[in-house]
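Structure file final38.tsv; described as TSV, C-alpha atoms.
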chain	number	residue	atom	x	y	z
Y	1	MET	CA	-0.60	3.77	-32.44
Y	2	GLY	CA	-2.82	1.13	-33.95
Y	3	ARG	CA	-5.63	-0.70	-32.28
Y	4	THR	CA	-4.54	-2.20	-28.95
Y	5	SER	CA	-4.88	-5.97	-28.91
Y	6	ILE	CA	-6.37	-8.06	-26.11
Y	7	VAL	CA	-4.00	-10.96	-25.51
Y	8	PRO	CA	-4.63	-14.40	-24.03
Y	9	PRO	CA	-3.34	-15.21	-20.52
Y	10	MET	CA	0.39	-15.76	-20.08
Y	11	ALA	CA	1.18	-14.00	-23.35
Y	12	ILE	CA	2.62	-10.64	-22.29
Y	13	ARG	CA	5.47	-9.77	-24.60
Y	14	TRP	CA	8.50	-8.77	-22.57
Y	15	ASP	CA	10.02	-6.99	-25.56
Y	16	TRP	CA	6.97	-4.69	-25.50
Y	17	LEU	CA	6.67	-4.36	-21.72
Y	18	GLN	CA	10.30	-3.89	-20.68
Y	19	PRO	CA	10.92	-0.65	-22.65
Y	20	VAL	CA	7.90	1.07	-21.07
Y	21	ILE	CA	8.62	0.17	-17.42
Y	22	THR	CA	9.87	3.56	-16.24
Y	23	VAL	CA	9.32	2.80	-12.54
Y	24	PRO	CA	9.85	-0.58	-10.78
Y	25	TYR	CA	6.20	-1.23	-9.93
Y	26	ALA	CA	4.49	-4.58	-10.54
Y	27	PRO	CA	0.72	-5.14	-10.81
Y	28	ALA	CA	-0.80	-6.71	-7.67
Y	29	LEU	CA	2.59	-6.48	-5.90
Y	30	GLY	CA	3.47	-2.80	-5.84
Y	31	PRO	CA	7.03	-1.42	-5.71
Y	32	VAL	CA	9.83	-3.91	-6.32
Y	33	HIS	CA	13.61	-3.63	-6.47
Y	34	PRO	CA	14.75	-2.55	-9.95
Y	35	ALA	CA	16.75	-5.78	-10.29
Y	36	ALA	CA	13.57	-7.79	-9.62
Y	37	VAL	CA	11.75	-6.44	-12.67
Y	38	THR	CA	12.13	-9.54	-14.84
Y	39	PRO	CA	10.05	-11.58	-17.29
Y	40	SER	CA	9.70	-14.35	-14.70
Y	41	LEU	CA	8.23	-11.94	-12.14
Y	42	ILE	CA	5.49	-10.86	-14.55
Y	43	THR	CA	4.87	-14.47	-15.60
Y	44	ASP	CA	4.53	-15.53	-11.96
Y	45	ILE	CA	2.09	-12.71	-11.17
Y	46	ILE	CA	-0.12	-13.69	-14.09
Y	47	GLY	CA	0.30	-17.39	-13.36
Y	48	ILE	CA	-1.45	-17.20	-9.97
Y	49	ALA	CA	-4.31	-15.01	-11.20
Y	50	GLY	CA	-7.64	-16.44	-10.09
Y	51	THR	CA	-6.11	-18.89	-7.62
Y	52	GLY	CA	-6.12	-16.77	-4.45
Y	53	ARG	CA	-2.53	-17.86	-3.83
Y	54	PHE	CA	0.32	-15.59	-2.78
Y	55	LEU	CA	3.73	-15.55	-4.36
Y	56	PRO	CA	6.34	-16.43	-1.70
Y	57	HIS	CA	7.77	-12.90	-1.78
Y	58	ASP	CA	4.44	-11.01	-1.67
Y	59	LYS	CA	4.55	-8.57	1.27
Y	60	ASP	CA	0.77	-8.79	1.71
Y	61	ARG	CA	0.85	-12.44	2.73
Y	62	ARG	CA	1.54	-11.34	6.32
Y	63	TRP	CA	-1.98	-9.92	6.55
Y	64	SER	CA	-4.14	-12.65	5.00
Y	65	ASP	CA	-4.26	-16.29	3.98
Y	66	ARG	CA	-5.67	-15.46	0.54
Y	67	LYS	CA	-4.47	-13.09	-2.17
Y	68	ASP	CA	-7.10	-10.51	-3.02
Y	69	GLU	CA	-5.87	-8.28	-5.84
Y	70	GLN	CA	-5.25	-10.35	-8.97
Y	71	VAL	CA	-4.63	-9.68	-12.65
Y	72	ILE	CA	-7.62	-9.85	-15.01
Y	73	THR	CA	-5.68	-11.92	-17.53
Y	74	SER	CA	-8.35	-11.88	-20.22
Y	75	ALA	CA	-8.23	-8.09	-20.39
Y	76	ILE	CA	-4.48	-7.49	-20.66
Y	77	ALA	CA	-3.89	-5.13	-23.59
Y	78	GLN	CA	-0.63	-4.41	-25.33
Y	79	GLU	CA	1.07	-3.06	-28.40
Y	80	PRO	CA	4.55	-1.63	-28.95
Y	81	GLY	CA	4.88	1.38	-26.65
Y	82	LEU	CA	1.80	0.61	-24.57
Y	83	VAL	CA	0.93	-2.17	-22.11
Y	84	MET	CA	-2.13	-2.13	-19.84
Y	85	ILE	CA	-2.46	-4.74	-17.09
Y	86	PRO	CA	-5.74	-4.56	-15.14
Y	87	THR	CA	-6.34	-6.04	-11.70
Y	88	LEU	CA	-9.45	-6.71	-9.62
Y	89	SER	CA	-9.72	-6.50	-5.83
Y	90	THR	CA	-12.85	-7.73	-4.03
Y	91	ARG	CA	-11.91	-7.62	-0.34
Y	92	ARG	CA	-14.44	-4.96	0.68
Y	93	VAL	CA	-16.04	-3.69	-2.51
Y	94	PRO	CA	-14.93	-4.61	-6.05
Y	95	VAL	CA	-12.18	-2.29	-7.32
Y	96	VAL	CA	-10.66	-2.35	-10.81
Y	97	LYS	CA	-7.20	-0.86	-11.29
Y	98	VAL	CA	-5.55	-0.44	-14.68
Y	99	HIS	CA	-1.74	-0.31	-14.62
Y	100	LEU	CA	-0.67	1.81	-17.57
Y	101	TYR	CA	2.88	1.35	-18.85
Y	102	SER	CA	3.99	3.88	-21.48
Y	103	ARG	CA	6.77	6.37	-22.09
Y	104	ASP	CA	4.08	8.99	-22.67
Y	105	PRO	CA	1.21	7.91	-20.40
Y	106	ARG	CA	-0.86	11.09	-20.70
Y	107	ALA	CA	-1.11	10.54	-24.47
Y	108	VAL	CA	-2.82	7.16	-23.96
Y	109	LEU	CA	-4.62	7.82	-20.69
Y	110	SER	CA	-8.00	7.83	-22.41
Y	111	GLN	CA	-7.44	4.24	-23.59
Y	112	ALA	CA	-6.70	3.11	-20.05
Y	113	THR	CA	-9.73	5.00	-18.77
Y	114	ASP	CA	-11.99	3.35	-21.35
Y	115	LEU	CA	-10.62	-0.09	-20.44
Y	116	GLY	CA	-11.10	0.57	-16.73
Y	117	ARG	CA	-14.69	1.72	-17.15
Y	118	ARG	CA	-15.57	-1.30	-19.26
Y	119	LEU	CA	-14.07	-3.65	-16.70
Y	120	CYS	CA	-15.91	-1.90	-13.87
Y	121	ASP	CA	-19.17	-2.62	-15.69
Y	122	GLU	CA	-18.22	-6.22	-16.41
Y	123	HIS	CA	-17.16	-7.00	-12.84
Y	124	GLY	CA	-19.69	-4.89	-10.98
Y	125	ALA	CA	-16.91	-2.76	-9.52
Y	126	GLU	CA	-18.00	0.29	-7.58
Y	127	ARG	CA	-14.59	1.89	-7.90
Y	128	GLY	CA	-12.04	2.14	-10.67
Y	129	ARG	CA	-8.55	3.60	-10.88
Y	130	VAL	CA	-5.84	4.10	-13.46
Y	131	SER	CA	-2.20	4.21	-12.35
Y	132	TRP	CA	0.67	5.37	-14.53
Y	133	PHE	CA	4.33	5.96	-13.85
Y	134	LEU	CA	6.82	8.80	-14.24
Y	135	PRO	CA	10.61	8.31	-14.06
Y	136	PRO	CA	12.83	9.73	-11.30
Y	137	GLY	CA	13.11	13.50	-11.32
Y	138	SER	CA	9.66	14.01	-12.88
Y	139	ALA	CA	7.27	16.64	-11.60
Y	140	PRO	CA	4.03	15.25	-10.12
Y	141	ASP	CA	1.16	14.97	-12.59
Y	142	PRO	CA	-1.36	17.68	-11.62
Y	143	VAL	CA	-4.35	15.53	-12.63
Y	144	ALA	CA	-3.47	12.67	-10.28
Y	145	ALA	CA	-2.63	11.72	-6.72
Y	146	CYS	CA	1.09	10.98	-6.78
Y	147	THR	CA	3.34	8.92	-4.55
Y	148	ARG	CA	7.09	8.60	-4.73
Y	149	ILE	CA	8.90	5.26	-4.58
Y	150	GLN	CA	12.12	5.56	-2.62
Y	151	MET	CA	14.79	3.02	-1.71
Y	152	ARG	CA	17.01	2.84	1.36
Y	153	THR	CA	20.04	0.62	0.82
Y	154	PHE	CA	21.87	-0.99	3.73
Y	155	GLY	CA	25.45	-2.16	3.80
Y	156	PRO	CA	29.01	-0.91	3.18
Y	157	GLY	CA	29.25	2.56	1.73
Y	158	GLN	CA	25.83	3.59	2.99
Y	159	PRO	CA	25.19	6.23	5.68
Y	160	ALA	CA	25.69	4.88	9.18
Y	161	THR	CA	22.60	4.41	11.32
Y	162	VAL	CA	22.96	5.26	15.00
Y	163	THR	CA	20.92	4.33	18.04
Y	164	VAL	CA	18.58	7.05	19.26
Y	165	THR	CA	16.98	7.50	22.65
Y	166	GLY	CA	13.29	7.59	23.47
Y	167	VAL	CA	12.18	4.86	21.06
Y	168	MET	CA	10.83	1.63	22.52
Y	169	PRO	CA	9.14	-1.50	21.11
Y	170	LEU	CA	5.43	-1.55	21.95
Y	171	ALA	CA	5.86	-4.89	23.73
Y	172	GLU	CA	8.27	-3.21	26.20
Y	173	VAL	CA	6.14	-0.15	26.96
Y	174	LEU	CA	5.05	0.00	30.60
Y	175	ALA	CA	1.63	-1.52	31.22
Y	176	PRO	CA	-0.10	1.76	32.23
Y	177	VAL	CA	1.00	3.42	28.98
Y	178	ARG	CA	0.53	0.55	26.55
Y	179	PRO	CA	-3.26	0.99	26.16
Y	180	THR	CA	-2.68	4.50	24.81
Y	181	PHE	CA	-1.48	2.89	21.59
Y	182	SER	CA	-5.12	2.20	20.71
Y	183	THR	CA	-5.98	5.86	21.25
Y	184	PHE	CA	-3.03	6.85	19.05
Y	185	ALA	CA	-4.11	4.29	16.44
Y	186	ASP	CA	-7.66	5.62	16.28
Y	187	LYS	CA	-6.38	9.15	15.68
Y	188	MET	CA	-4.00	7.85	13.01
Y	189	ALA	CA	-6.50	5.55	11.27
Y	190	ALA	CA	-5.82	7.22	7.91
Y	191	GLU	CA	-2.19	6.04	8.14
Y	192	GLY	CA	-3.29	2.44	8.77
Y	193	PHE	CA	-2.71	2.27	12.51
Y	194	ALA	CA	-6.31	1.37	13.40
Y	195	PHE	CA	-5.94	-1.72	11.22
Y	196	LEU	CA	-2.58	-2.53	12.78
Y	197	ASP	CA	-3.95	-2.10	16.30
Y	198	ALA	CA	-6.86	-4.45	15.56
Y	199	ARG	CA	-4.46	-6.94	14.01
Y	200	ILE	CA	-2.22	-6.88	17.09
Y	201	ARG	CA	-5.18	-7.38	19.44
Y	202	ASP	CA	-6.71	-10.19	17.39
Y	203	HIS	CA	-3.65	-12.02	16.10
Y	204	GLY	CA	-0.55	-10.55	17.69
Y	205	SER	CA	1.96	-8.42	15.82
Y	206	THR	CA	3.91	-9.97	12.97
Y	207	GLY	CA	6.98	-7.98	14.03
Y	208	PRO	CA	8.06	-5.31	16.53
Y	209	VAL	CA	6.28	-1.96	16.48
Y	210	LEU	CA	8.56	0.87	17.60
Y	211	THR	CA	6.99	3.72	19.57
Y	212	CYS	CA	7.80	7.07	21.13
Y	213	GLN	CA	6.09	8.73	24.10
Y	214	ARG	CA	5.31	12.19	25.36
Y	215	ASP	CA	3.17	13.31	28.30
Y	216	GLY	CA	2.61	9.76	29.49
Y	217	ARG	CA	1.19	8.42	26.24
Y	218	ILE	CA	2.25	6.99	22.89
Y	219	VAL	CA	2.34	9.74	20.28
Y	220	GLY	CA	4.26	8.13	17.41
Y	221	ALA	CA	5.01	4.70	15.99
Y	222	ILE	CA	6.61	2.80	13.11
Y	223	GLY	CA	6.11	-0.87	12.36
Y	224	PRO	CA	5.77	-3.74	12.19
Y	225	MET	CA	9.42	-4.50	11.52
Y	226	GLU	CA	9.86	-7.53	9.28
Y	227	ILE	CA	12.34	-9.02	6.82
Y	228	LEU	CA	11.17	-11.00	3.77
Y	229	PRO	CA	13.28	-12.13	0.78
Y	230	ASP	CA	12.25	-10.64	-2.55
Y	231	SER	CA	11.79	-12.58	-5.79
Y	232	GLN	CA	15.57	-12.67	-6.24
Y	233	GLY	CA	16.14	-14.05	-2.73
Y	234	THR	CA	17.51	-10.73	-1.43
Y	235	ALA	CA	16.50	-9.82	2.13
Y	236	ARG	CA	14.39	-6.67	2.26
Y	237	LEU	CA	12.90	-4.70	5.11
Y	238	LEU	CA	9.16	-4.55	4.50
Y	239	PRO	CA	7.32	-1.20	4.51
Y	240	GLN	CA	5.85	-0.08	7.80
Y	241	TYR	CA	3.00	2.04	9.08
Y	242	PHE	CA	4.61	5.28	10.20
Y	243	GLY	CA	3.25	8.40	11.86
Y	244	VAL	CA	3.33	10.95	14.67
Y	245	LEU	CA	0.30	12.75	16.10
Y	246	PRO	CA	-0.03	16.20	14.46
Y	247	GLU	CA	0.36	18.10	17.73
Y	248	TYR	CA	3.74	16.41	18.34
Y	249	ARG	CA	5.26	16.94	14.93
Y	250	GLY	CA	8.25	19.19	14.46
Y	251	LEU	CA	9.99	17.81	17.55
Y	252	GLY	CA	12.18	15.28	15.75
Y	253	LEU	CA	10.13	12.29	16.91
Y	254	GLY	CA	9.45	11.04	13.40
Y	255	ARG	CA	13.13	11.17	12.50
Y	256	ASN	CA	14.02	9.32	15.71
Y	257	LEU	CA	11.52	6.58	14.87
Y	258	TRP	CA	12.86	6.40	11.33
Y	259	HIS	CA	16.49	6.11	12.44
Y	260	GLU	CA	15.65	3.37	14.93
Y	261	ALA	CA	13.71	1.46	12.25
Y	262	MET	CA	16.66	1.71	9.86
Y	263	LEU	CA	18.98	0.50	12.61
Y	264	TRP	CA	16.68	-2.50	13.12
Y	265	GLY	CA	16.83	-3.28	9.40
Y	266	GLN	CA	20.60	-2.96	9.35
Y	267	GLN	CA	21.02	-5.20	12.40
Y	268	HIS	CA	18.76	-7.84	10.85
Y	269	GLN	CA	20.79	-7.96	7.62
Y	270	ALA	CA	18.28	-6.34	5.28
Y	271	ALA	CA	19.82	-5.31	1.96
Y	272	TYR	CA	17.30	-2.58	1.25
Y	273	GLN	CA	13.86	-1.16	1.91
Y	274	LEU	CA	11.32	0.29	-0.53
Y	275	LEU	CA	8.92	3.00	0.61
Y	276	GLN	CA	6.00	4.70	-1.11
Y	277	THR	CA	5.38	8.21	0.19
Y	278	GLU	CA	2.79	10.84	-0.67
Y	279	VAL	CA	4.53	13.52	-2.71
Y	280	GLY	CA	4.97	16.61	-0.56
Y	281	GLY	CA	3.95	14.84	2.65
Y	282	ALA	CA	5.93	14.66	5.88
Y	283	SER	CA	7.25	11.15	5.23
Y	284	ASP	CA	8.24	12.13	1.71
Y	285	ALA	CA	10.23	15.11	2.97
Y	286	LEU	CA	11.90	13.04	5.69
Y	287	CYS	CA	12.94	10.27	3.30
Y	288	ARG	CA	14.26	12.73	0.73
Y	289	SER	CA	16.28	14.52	3.42
Y	290	GLU	CA	17.77	11.16	4.45
Y	291	GLY	CA	19.22	10.64	0.97
Y	292	LEU	CA	17.07	7.76	-0.23
Y	293	THR	CA	17.17	6.86	-3.91
Y	294	ASP	CA	14.24	8.21	-5.92
Y	295	LEU	CA	12.83	5.47	-8.16
Y	296	GLY	CA	10.01	7.52	-9.69
Y	297	LEU	CA	6.36	8.46	-9.22
Y	298	VAL	CA	3.15	6.46	-9.22
Y	299	CYS	CA	0.24	8.63	-10.42
Y	300	THR	CA	-3.34	7.51	-9.80
Y	301	SER	CA	-6.67	8.89	-10.93
Y	302	THR	CA	-10.17	7.62	-10.20
Y	303	LEU	CA	-12.67	6.69	-12.90

Write-out of the structure in structure tokens:
Amino acid sequence: MGRTSIVPPMAIRWDWLQPVITVPYAPALGPVHPAAVTPSLITDIIGIAGTGRFLPHDKDRRWSDRKDEQVITSAIAQEPGLVMIPTLSTRRVPVVKVHLYSRDPRAVLSQATDLGRRLCDEHGAERGRVSWFLPPGSAPDPVAACTRIQMRTFGPGQPATVTVTGVMPLAEVLAPVRPTFSTFADKMAAEGFAFLDARIRDHGSTGPVLTCQRDGRIVGAIGPMEILPDSQGTARLLPQYFGVLPEYRGLGLGRNLWHEAMLWGQQHQAAYQLLQTEVGGASDALCRSEGLTDLGLVCTSTL
């Protein structure tokens, strides 16, 4: 390849980008439906860079009134076979992330690393990451942390979802048991539940949180449950926080929570849900056993 060019804002060439999108993942948005990967989506993402505004279909708008992660438009780099779109997040500490699109990402990983390091210096970022993408069926990249994007489709021809027992919305849990959600959330902080618990206490939940109990306390949860149209206007079930305390795993509680969440999505007319699961983790194994569609891997390394 020749020297990669830095392009002015709004000038990404779709004829260069489209052939190297092996996984439906958009900068600053994350996983999207394969049908939503369009020139207009990329143009819209770049168009709001620096404004702090959310796109109407951005799943993160439920958590904040200002968009944090945004494309560094002046540093977009592209050539045939390689497109690099960097973003900057400043919510806690500045973080630069370079999204590397290529059919052979390992061959050009050094270019993305160099770009990321330069941008970290320019923006005073304490952390930097490079993310690249491998198509469905690929083995995880051993030099990276890998997550799998999976899709659950609702509607005719899809596996039926049945009601399960023992799952209850948090709002309906008996008053003596409800405070144990905070204890559960603290123990599951790594899965995001401490954030969710604080959000519920400070602002109220944006949607139902489904829970399961054992021994008089909450030991598992999935939520919040919400529907939001995507960029094509198709209703999608948004991703949830999902987990069961380690000492209660292996009892089928996670699968019960999952089935009840899918029933909720089906009853509320969602067309699909996208999930991002740690390769080899419990959620990854559960989703794969439930027959979800594998859309590929997101591989991330730190600078």

Please identify every residue of stretch 53-125 of chain Y that has at least one atom no farther than 6 Å from an atom of stretch 16-35 of chain Y, counting all atoms listed in the file, and for each give the shortest atom pair and the distance in Å to one decimal, arranged by chain then increasing number, as a tab-separated table.
residue	atom	partner	partner_atom	distance
Y:Glu69	CA	Y:Ala28	CA	5.6
Y:Gln70	CA	Y:Ala28	CA	5.9
Y:Pro80	CA	Y:Trp16	CA	5.2
Y:Tyr101	CA	Y:Val20	CA	5.5
Y:Ser102	CA	Y:Val20	CA	4.8
Y:Arg103	CA	Y:Val20	CA	5.5

Rounded to one decimal, what separation in Å do you get between atom CA of Y:His203 and atom CA of Y:Arg62?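 Spanning atom CA of Y:His203 to atom CA of Y:Arg62 is a straight-line distance of 11.1 Å.
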
For atom CA of Y:Val167 and atom CA of Y:Ala189, the interatomic separation in Å (one decimal):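 Atom CA of Y:Val167 sits 21.1 Å away from atom CA of Y:Ala189.
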
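When atom CA of Y:Leu210 is paired with atom CA of Y:Leu295, their separation reads 26.5 Å.
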
Which residues are near Y:Lys67? Cut-off 9 Å, all atoms listed in the file, ignore same chain within fewer than 4 positions. Put them as a list in words.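 Here the qualifying residues turn out to be Thr51, Gly52, Arg53, Phe54, Leu55, Asp60 and Arg61 of chain Y.
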
Can you pull out every residue within 8 Å of Y:Gly243, counting only C-alpha atoms, but drop anything in the same chain fewer than 4 positions away, and send it as a list in words?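 Skipping anything fewer than 4 positions along the chain leaves Met188, Glu191, Gly220, Ala221, Ile222 and Gly254 of chain Y.
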
Near Y:Asp230, counting all atoms listed in the file, which residues have an atom at most 8 Å away, once you skip same-chain residues fewer than 6 positions from it, shown as a list in words? Ala36, His57, Asp58 and Arg236 of chain Y

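Using all atoms listed in the file, the smallest distance between any of Y:Arg92, Y:Leu245, Y:Thr113, Y:Ser64 and Y:Ala190 comes from Y:Leu245.
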
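Using all atoms listed in the file, the smallest distance between any of Y:Trp63, Y:Thr277, Y:Arg178, Y:Ala125 and Y:Thr206 comes from Y:Trp63.
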
Give as a list in words every residue, naming chains and numbers as the document does, that has an atom within 6 Å of (5.0, 0.1, 8.5), counting all atoms listed in the file.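 Every residue inside that radius is included here: Ile222, Gly223, Pro224, Pro239, Gln240, Tyr241 and Phe242 of chain Y.
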
Neighbouring residues of Y:Ile85 were defined as those with any atom within 8 Å, considering only C-alpha atoms; residues of the same chain fewer than 3 positions away were excluded. Please report them as a ChimeraX atom specification. /Y:27,71-73,75-77,98-100

Can you write just those residues out, C-alpha atoms, as a short mmCIF file (atom, residue, chain, number, x, y, z; two decimals), in the frame of the given file?
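Heads up, here's the output in again-v5.cif:
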data_model
loop_
_atom_site.label_atom_id
_atom_site.label_comp_id
_atom_site.auth_asym_id
_atom_site.auth_seq_id
_atom_site.Cartn_x
_atom_site.Cartn_y
_atom_site.Cartn_z
CA PRO Y 27 0.72 -5.14 -10.81
CA VAL Y 71 -4.63 -9.68 -12.65
CA ILE Y 72 -7.62 -9.85 -15.01
CA THR Y 73 -5.68 -11.92 -17.53
CA ALA Y 75 -8.23 -8.09 -20.39
CA ILE Y 76 -4.48 -7.49 -20.66
CA ALA Y 77 -3.89 -5.13 -23.59
CA VAL Y 98 -5.55 -0.44 -14.68
CA HIS Y 99 -1.74 -0.31 -14.62
CA LEU Y 100 -0.67 1.81 -17.57
#

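For the choices Y:Val93, Y:Ala171, Y:Val244, Y:Leu109, the atom-to-atom distance to Y:Phe133 is smallest for Y:Leu109 when using all atoms listed in the file.
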
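The residue that comes closest to Y:Glu278, out of Y:Pro140, Y:Gly207, Y:Pro176, Y:Gly250 and on the basis of all atoms listed in the file, is Y:Pro140.
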
List the neighbours of stretch 150-152 of chain Y out to 8 Å using only C-alpha atoms; skip same-chain residues closer than 2 positions along the sequence, and give me the result as a PyMOL selection string. chain Y and resi 148+154+272-277+287+292-296

Between Y:Lys59, Y:Arg201, Y:Arg249, Y:Arg13, single out the one closest to Y:Val83, counting all atoms listed in the file. Y:Arg13

Nearest-residue call for Y:Glu122, choices Y:Ser74, Y:Arg106, Y:Gly155, Y:Gly81, using only C-alpha atoms: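 Looking at the shortest contact to Y:Glu122, the residue is Y:Ser74.
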